[in-house]
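Below: upload-v9.cif (mmCIF, N, CA and C atoms)
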```cif
data_entry
#
loop_
_atom_site.label_atom_id
_atom_site.label_comp_id
_atom_site.auth_asym_id
_atom_site.auth_seq_id
_atom_site.Cartn_x
_atom_site.Cartn_y
_atom_site.Cartn_z
N MET A 1 0.85 -1.16 0.00
CA MET A 1 0.00 0.00 0.00
C MET A 1 0.90 1.23 0.00
N SER A 2 0.67 2.16 -0.87
CA SER A 2 1.52 3.34 -0.96
C SER A 2 0.86 4.52 -0.27
N VAL A 3 1.71 5.44 0.20
CA VAL A 3 1.23 6.63 0.85
C VAL A 3 1.22 7.76 -0.17
N GLN A 4 0.12 8.43 -0.29
CA GLN A 4 0.01 9.52 -1.24
C GLN A 4 0.76 10.73 -0.70
N GLN A 5 1.66 11.29 -1.49
CA GLN A 5 2.43 12.45 -1.09
C GLN A 5 1.64 13.72 -1.39
N THR A 6 1.66 14.65 -0.44
CA THR A 6 1.01 15.93 -0.65
C THR A 6 2.09 16.98 -0.85
N PRO A 7 1.80 18.03 -1.59
CA PRO A 7 2.81 19.05 -1.83
C PRO A 7 3.14 19.81 -0.55
N PRO A 8 4.34 20.40 -0.47
CA PRO A 8 4.70 21.19 0.71
C PRO A 8 3.75 22.36 0.89
N ILE A 9 3.59 22.78 2.12
CA ILE A 9 2.68 23.86 2.46
C ILE A 9 3.52 25.10 2.78
N ALA A 10 3.18 26.25 2.18
CA ALA A 10 3.92 27.48 2.44
C ALA A 10 3.48 28.07 3.77
N SER A 11 4.46 28.52 4.56
CA SER A 11 4.14 29.14 5.84
C SER A 11 4.10 30.65 5.67
N ASP A 12 3.80 31.36 6.74
CA ASP A 12 3.67 32.82 6.69
C ASP A 12 4.98 33.51 6.31
N ASP A 13 6.12 32.93 6.69
CA ASP A 13 7.40 33.57 6.42
C ASP A 13 7.95 33.23 5.03
N GLY A 14 7.20 32.53 4.21
CA GLY A 14 7.61 32.24 2.86
C GLY A 14 8.31 30.91 2.69
N HIS A 15 8.70 30.28 3.77
CA HIS A 15 9.35 28.98 3.70
C HIS A 15 8.30 27.89 3.54
N THR A 16 8.71 26.79 3.01
CA THR A 16 7.79 25.67 2.88
C THR A 16 8.13 24.63 3.92
N ARG A 17 7.12 23.98 4.40
CA ARG A 17 7.34 22.91 5.37
C ARG A 17 6.78 21.64 4.78
N PRO A 18 7.36 20.53 5.13
CA PRO A 18 6.88 19.27 4.57
C PRO A 18 5.45 18.97 4.98
N ALA A 19 4.81 18.15 4.19
CA ALA A 19 3.42 17.78 4.49
C ALA A 19 3.33 16.99 5.78
N VAL A 20 4.43 16.34 6.16
CA VAL A 20 4.42 15.57 7.42
C VAL A 20 4.23 16.50 8.61
N ALA A 21 4.90 17.65 8.57
CA ALA A 21 4.74 18.61 9.66
C ALA A 21 3.31 19.14 9.71
N ALA A 22 2.74 19.38 8.54
CA ALA A 22 1.35 19.85 8.51
C ALA A 22 0.41 18.80 9.07
N TRP A 23 0.66 17.54 8.73
CA TRP A 23 -0.17 16.46 9.27
C TRP A 23 -0.01 16.37 10.78
N ARG A 24 1.23 16.55 11.27
CA ARG A 24 1.48 16.48 12.71
C ARG A 24 0.74 17.59 13.44
N HIS A 25 0.72 18.78 12.87
CA HIS A 25 0.00 19.89 13.50
C HIS A 25 -1.51 19.66 13.50
N ARG A 26 -2.03 19.12 12.40
CA ARG A 26 -3.47 18.82 12.36
C ARG A 26 -3.83 17.75 13.37
N SER A 27 -3.03 16.70 13.44
CA SER A 27 -3.35 15.62 14.39
C SER A 27 -3.20 16.10 15.83
N ALA A 28 -2.22 16.98 16.08
CA ALA A 28 -2.07 17.54 17.43
C ALA A 28 -3.27 18.40 17.79
N PHE A 29 -3.76 19.17 16.83
CA PHE A 29 -4.94 19.99 17.09
C PHE A 29 -6.12 19.12 17.48
N TRP A 30 -6.37 18.05 16.73
CA TRP A 30 -7.52 17.20 17.03
C TRP A 30 -7.33 16.43 18.33
N ALA A 31 -6.10 16.09 18.67
CA ALA A 31 -5.85 15.43 19.96
C ALA A 31 -6.17 16.37 21.11
N VAL A 32 -5.75 17.62 21.00
CA VAL A 32 -6.04 18.61 22.04
C VAL A 32 -7.54 18.90 22.10
N ALA A 33 -8.18 19.01 20.94
CA ALA A 33 -9.62 19.26 20.92
C ALA A 33 -10.39 18.12 21.59
N PHE A 34 -9.96 16.89 21.34
CA PHE A 34 -10.61 15.74 21.96
C PHE A 34 -10.39 15.74 23.47
N ALA A 35 -9.17 16.04 23.90
CA ALA A 35 -8.87 16.10 25.33
C ALA A 35 -9.70 17.20 26.00
N PHE A 36 -9.83 18.35 25.33
CA PHE A 36 -10.63 19.43 25.87
C PHE A 36 -12.10 19.01 25.99
N LEU A 37 -12.60 18.31 25.00
CA LEU A 37 -13.97 17.83 25.05
C LEU A 37 -14.19 16.89 26.23
N ILE A 38 -13.27 15.98 26.44
CA ILE A 38 -13.39 15.03 27.55
C ILE A 38 -13.35 15.75 28.90
N VAL A 39 -12.43 16.70 29.04
CA VAL A 39 -12.30 17.43 30.30
C VAL A 39 -13.56 18.25 30.57
N MET A 40 -14.06 18.95 29.56
CA MET A 40 -15.25 19.77 29.76
C MET A 40 -16.48 18.90 30.06
N ALA A 41 -16.60 17.76 29.38
CA ALA A 41 -17.73 16.87 29.65
C ALA A 41 -17.65 16.31 31.06
N SER A 42 -16.46 15.96 31.49
CA SER A 42 -16.29 15.41 32.84
C SER A 42 -16.51 16.46 33.91
N ALA A 43 -16.10 17.69 33.61
CA ALA A 43 -16.22 18.76 34.60
C ALA A 43 -17.67 19.16 34.83
N THR A 44 -18.52 18.97 33.84
CA THR A 44 -19.92 19.38 34.01
C THR A 44 -20.82 18.24 34.49
N LEU A 45 -20.28 17.06 34.66
CA LEU A 45 -21.10 15.94 35.12
C LEU A 45 -21.75 16.18 36.48
N PRO A 46 -21.06 16.79 37.47
CA PRO A 46 -21.72 16.97 38.76
C PRO A 46 -22.74 18.09 38.80
N SER A 47 -22.91 18.85 37.74
CA SER A 47 -23.84 19.99 37.76
C SER A 47 -25.26 19.61 38.19
N PRO A 48 -25.85 18.53 37.70
CA PRO A 48 -27.20 18.18 38.17
C PRO A 48 -27.24 17.82 39.66
N LEU A 49 -26.10 17.44 40.19
CA LEU A 49 -26.07 17.07 41.61
C LEU A 49 -26.10 18.28 42.53
N TYR A 50 -25.74 19.46 42.02
CA TYR A 50 -25.71 20.65 42.88
C TYR A 50 -27.06 20.94 43.49
N GLY A 51 -28.15 20.67 42.76
CA GLY A 51 -29.48 20.85 43.33
C GLY A 51 -29.72 19.91 44.50
N LEU A 52 -29.25 18.67 44.35
CA LEU A 52 -29.39 17.71 45.45
C LEU A 52 -28.51 18.09 46.63
N TYR A 53 -27.28 18.54 46.34
CA TYR A 53 -26.38 18.97 47.42
C TYR A 53 -26.96 20.18 48.15
N ARG A 54 -27.62 21.05 47.39
CA ARG A 54 -28.21 22.24 48.00
C ARG A 54 -29.27 21.85 49.03
N ILE A 55 -30.08 20.87 48.67
CA ILE A 55 -31.13 20.43 49.59
C ILE A 55 -30.52 19.66 50.77
N ARG A 56 -29.61 18.74 50.45
CA ARG A 56 -29.02 17.89 51.50
C ARG A 56 -28.19 18.69 52.49
N ASP A 57 -27.37 19.65 51.98
CA ASP A 57 -26.46 20.39 52.85
C ASP A 57 -27.00 21.74 53.27
N HIS A 58 -28.25 22.02 52.93
CA HIS A 58 -28.91 23.28 53.29
C HIS A 58 -28.12 24.49 52.79
N LEU A 59 -27.74 24.45 51.52
CA LEU A 59 -27.00 25.56 50.91
C LEU A 59 -27.99 26.57 50.33
N SER A 60 -27.58 27.82 50.33
CA SER A 60 -28.43 28.85 49.73
C SER A 60 -28.19 28.89 48.22
N ALA A 61 -29.08 29.55 47.53
CA ALA A 61 -28.92 29.72 46.09
C ALA A 61 -27.65 30.53 45.80
N PHE A 62 -27.34 31.47 46.68
CA PHE A 62 -26.12 32.28 46.51
C PHE A 62 -24.87 31.40 46.58
N THR A 63 -24.84 30.45 47.48
CA THR A 63 -23.68 29.56 47.61
C THR A 63 -23.49 28.72 46.35
N VAL A 64 -24.55 28.22 45.81
CA VAL A 64 -24.46 27.44 44.57
C VAL A 64 -23.98 28.34 43.43
N THR A 65 -24.44 29.58 43.40
CA THR A 65 -23.97 30.53 42.39
C THR A 65 -22.49 30.80 42.54
N VAL A 66 -22.01 30.92 43.75
CA VAL A 66 -20.58 31.14 43.99
C VAL A 66 -19.77 29.92 43.53
N ILE A 67 -20.29 28.73 43.73
CA ILE A 67 -19.60 27.52 43.26
C ILE A 67 -19.46 27.55 41.74
N TYR A 68 -20.53 27.90 41.05
CA TYR A 68 -20.46 28.00 39.59
C TYR A 68 -19.50 29.11 39.15
N ALA A 69 -19.49 30.23 39.87
CA ALA A 69 -18.59 31.35 39.51
C ALA A 69 -17.13 30.95 39.70
N ILE A 70 -16.82 30.21 40.75
CA ILE A 70 -15.45 29.74 40.96
C ILE A 70 -15.06 28.78 39.84
N TYR A 71 -15.96 27.92 39.46
CA TYR A 71 -15.67 27.00 38.36
C TYR A 71 -15.41 27.77 37.06
N ALA A 72 -16.25 28.75 36.76
CA ALA A 72 -16.07 29.53 35.54
C ALA A 72 -14.76 30.31 35.57
N GLY A 73 -14.44 30.90 36.71
CA GLY A 73 -13.18 31.64 36.83
C GLY A 73 -11.97 30.73 36.67
N GLY A 74 -12.04 29.55 37.24
CA GLY A 74 -10.94 28.59 37.09
C GLY A 74 -10.78 28.12 35.66
N THR A 75 -11.90 27.92 34.98
CA THR A 75 -11.84 27.51 33.58
C THR A 75 -11.22 28.60 32.71
N ILE A 76 -11.62 29.84 32.93
CA ILE A 76 -11.07 30.96 32.16
C ILE A 76 -9.58 31.10 32.45
N ALA A 77 -9.17 31.00 33.70
CA ALA A 77 -7.75 31.11 34.04
C ALA A 77 -6.94 29.99 33.39
N ALA A 78 -7.49 28.79 33.39
CA ALA A 78 -6.78 27.67 32.76
C ALA A 78 -6.65 27.87 31.26
N LEU A 79 -7.71 28.33 30.61
CA LEU A 79 -7.65 28.56 29.17
C LEU A 79 -6.68 29.67 28.81
N LEU A 80 -6.61 30.70 29.63
CA LEU A 80 -5.67 31.78 29.36
C LEU A 80 -4.22 31.37 29.60
N SER A 81 -3.99 30.48 30.53
CA SER A 81 -2.62 30.06 30.83
C SER A 81 -2.10 29.05 29.81
N VAL A 82 -2.97 28.42 29.06
CA VAL A 82 -2.55 27.41 28.09
C VAL A 82 -1.68 28.04 27.00
N ARG A 83 -1.98 29.24 26.58
CA ARG A 83 -1.19 29.85 25.51
C ARG A 83 0.24 30.09 25.95
N PHE A 84 0.48 30.37 27.23
CA PHE A 84 1.85 30.56 27.70
C PHE A 84 2.60 29.24 27.73
N VAL A 85 1.91 28.19 28.11
CA VAL A 85 2.53 26.87 28.10
C VAL A 85 2.85 26.45 26.67
N ALA A 86 1.93 26.69 25.76
CA ALA A 86 2.14 26.34 24.36
C ALA A 86 3.31 27.13 23.77
N ALA A 87 3.45 28.39 24.15
CA ALA A 87 4.56 29.19 23.65
C ALA A 87 5.90 28.66 24.16
N ARG A 88 5.95 28.22 25.40
CA ARG A 88 7.19 27.66 25.94
C ARG A 88 7.55 26.35 25.25
N ILE A 89 6.56 25.53 24.98
CA ILE A 89 6.82 24.27 24.30
C ILE A 89 7.28 24.52 22.88
N ASP A 90 6.67 25.50 22.20
CA ASP A 90 7.04 25.82 20.83
C ASP A 90 8.47 26.38 20.77
N ASP A 91 8.88 27.17 21.78
CA ASP A 91 10.24 27.71 21.80
C ASP A 91 11.28 26.63 21.99
N GLU A 92 10.94 25.57 22.71
CA GLU A 92 11.88 24.48 22.96
C GLU A 92 12.06 23.59 21.73
N ALA A 93 11.06 23.54 20.88
CA ALA A 93 11.12 22.65 19.71
C ALA A 93 12.00 23.18 18.62
#
```
Same coordinates, now as structure tokens:
Amino acid sequence: MSVQQTPPIASDDGHTRPAVAAWRHRSAFWAVAFAFLIVMASATLPSPLYGLYRIRDHLSAFTVTVIYAIYAGGTIAALLSVRFVAARIDDEA
């Protein structure tokens, strides 16, 4: 079985990079997107339980709102910090 060769892809600086590098970047993107999907799906699983926890632990609606706000703030901070990590990894490569 033969592998079909694709032409080199031109980058922003005018240089061409092999199709293998382009494939690696595409596959890395989809791997990260899949990981993000799994993390987000797992992180929202306990959301329906907050109503039960509110009743069981006698929490106010304000407390549940604060829990959601902390989660949202943590998610935003994590997403903003990812670009710095990605820049460090890219500089090392």
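Atom CA of Arg83 of chain A is found 17.3 Å from atom CA of Val39 of chain A.
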Point-to-point distance in Å for atom C of Thr75 of chain A and atom N of Met40 of chain A: 10.5 Å
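The spacing separating atom CA of Ile76 of chain A from atom CA of Ala43 of chain A amounts to 13.5 Å.
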How would segment 72-84 of chain A read, as an mmCIF file, in the coordinates of the input, once N, CA, C and O atoms are built in?
```
data_model
loop_
_atom_site.group_PDB
_atom_site.id
_atom_site.type_symbol
_atom_site.label_atom_id
_atom_site.label_comp_id
_atom_site.auth_asym_id
_atom_site.auth_seq_id
_atom_site.Cartn_x
_atom_site.Cartn_y
_atom_site.Cartn_z
ATOM 1 N N ALA A 72 -16.250 28.750 36.760
ATOM 2 C CA ALA A 72 -16.070 29.530 35.540
ATOM 3 C C ALA A 72 -14.760 30.310 35.570
ATOM 4 O O ALA A 72 -14.031 30.361 34.574
ATOM 5 N N GLY A 73 -14.440 30.900 36.710
ATOM 6 C CA GLY A 73 -13.180 31.640 36.830
ATOM 7 C C GLY A 73 -11.970 30.730 36.670
ATOM 8 O O GLY A 73 -10.988 31.090 36.017
ATOM 9 N N GLY A 74 -12.040 29.550 37.240
ATOM 10 C CA GLY A 74 -10.940 28.590 37.090
ATOM 11 C C GLY A 74 -10.780 28.120 35.660
ATOM 12 O O GLY A 74 -9.662 27.954 35.161
ATOM 13 N N THR A 75 -11.900 27.920 34.980
ATOM 14 C CA THR A 75 -11.840 27.510 33.580
ATOM 15 C C THR A 75 -11.220 28.600 32.710
ATOM 16 O O THR A 75 -10.364 28.339 31.870
ATOM 17 N N ILE A 76 -11.620 29.840 32.930
ATOM 18 C CA ILE A 76 -11.070 30.960 32.160
ATOM 19 C C ILE A 76 -9.580 31.100 32.450
ATOM 20 O O ILE A 76 -8.770 31.286 31.523
ATOM 21 N N ALA A 77 -9.170 31.000 33.700
ATOM 22 C CA ALA A 77 -7.750 31.110 34.040
ATOM 23 C C ALA A 77 -6.940 29.990 33.390
ATOM 24 O O ALA A 77 -5.833 30.219 32.885
ATOM 25 N N ALA A 78 -7.490 28.790 33.390
ATOM 26 C CA ALA A 78 -6.780 27.670 32.760
ATOM 27 C C ALA A 78 -6.650 27.870 31.260
ATOM 28 O O ALA A 78 -5.587 27.624 30.685
ATOM 29 N N LEU A 79 -7.710 28.330 30.610
ATOM 30 C CA LEU A 79 -7.650 28.560 29.170
ATOM 31 C C LEU A 79 -6.680 29.670 28.810
ATOM 32 O O LEU A 79 -5.989 29.604 27.789
ATOM 33 N N LEU A 80 -6.610 30.700 29.630
ATOM 34 C CA LEU A 80 -5.670 31.780 29.360
ATOM 35 C C LEU A 80 -4.220 31.370 29.600
ATOM 36 O O LEU A 80 -3.312 31.859 28.933
ATOM 37 N N SER A 81 -3.990 30.480 30.530
ATOM 38 C CA SER A 81 -2.620 30.060 30.830
ATOM 39 C C SER A 81 -2.100 29.050 29.810
ATOM 40 O O SER A 81 -0.896 28.880 29.676
ATOM 41 N N VAL A 82 -2.970 28.420 29.060
ATOM 42 C CA VAL A 82 -2.550 27.410 28.090
ATOM 43 C C VAL A 82 -1.680 28.040 27.000
ATOM 44 O O VAL A 82 -0.714 27.442 26.554
ATOM 45 N N ARG A 83 -1.980 29.240 26.580
ATOM 46 C CA ARG A 83 -1.190 29.850 25.510
ATOM 47 C C ARG A 83 0.240 30.090 25.950
ATOM 48 O O ARG A 83 1.152 30.015 25.136
ATOM 49 N N PHE A 84 0.480 30.370 27.230
ATOM 50 C CA PHE A 84 1.850 30.560 27.700
ATOM 51 C C PHE A 84 2.600 29.240 27.730
ATOM 52 O O PHE A 84 3.778 29.174 27.391
#
```
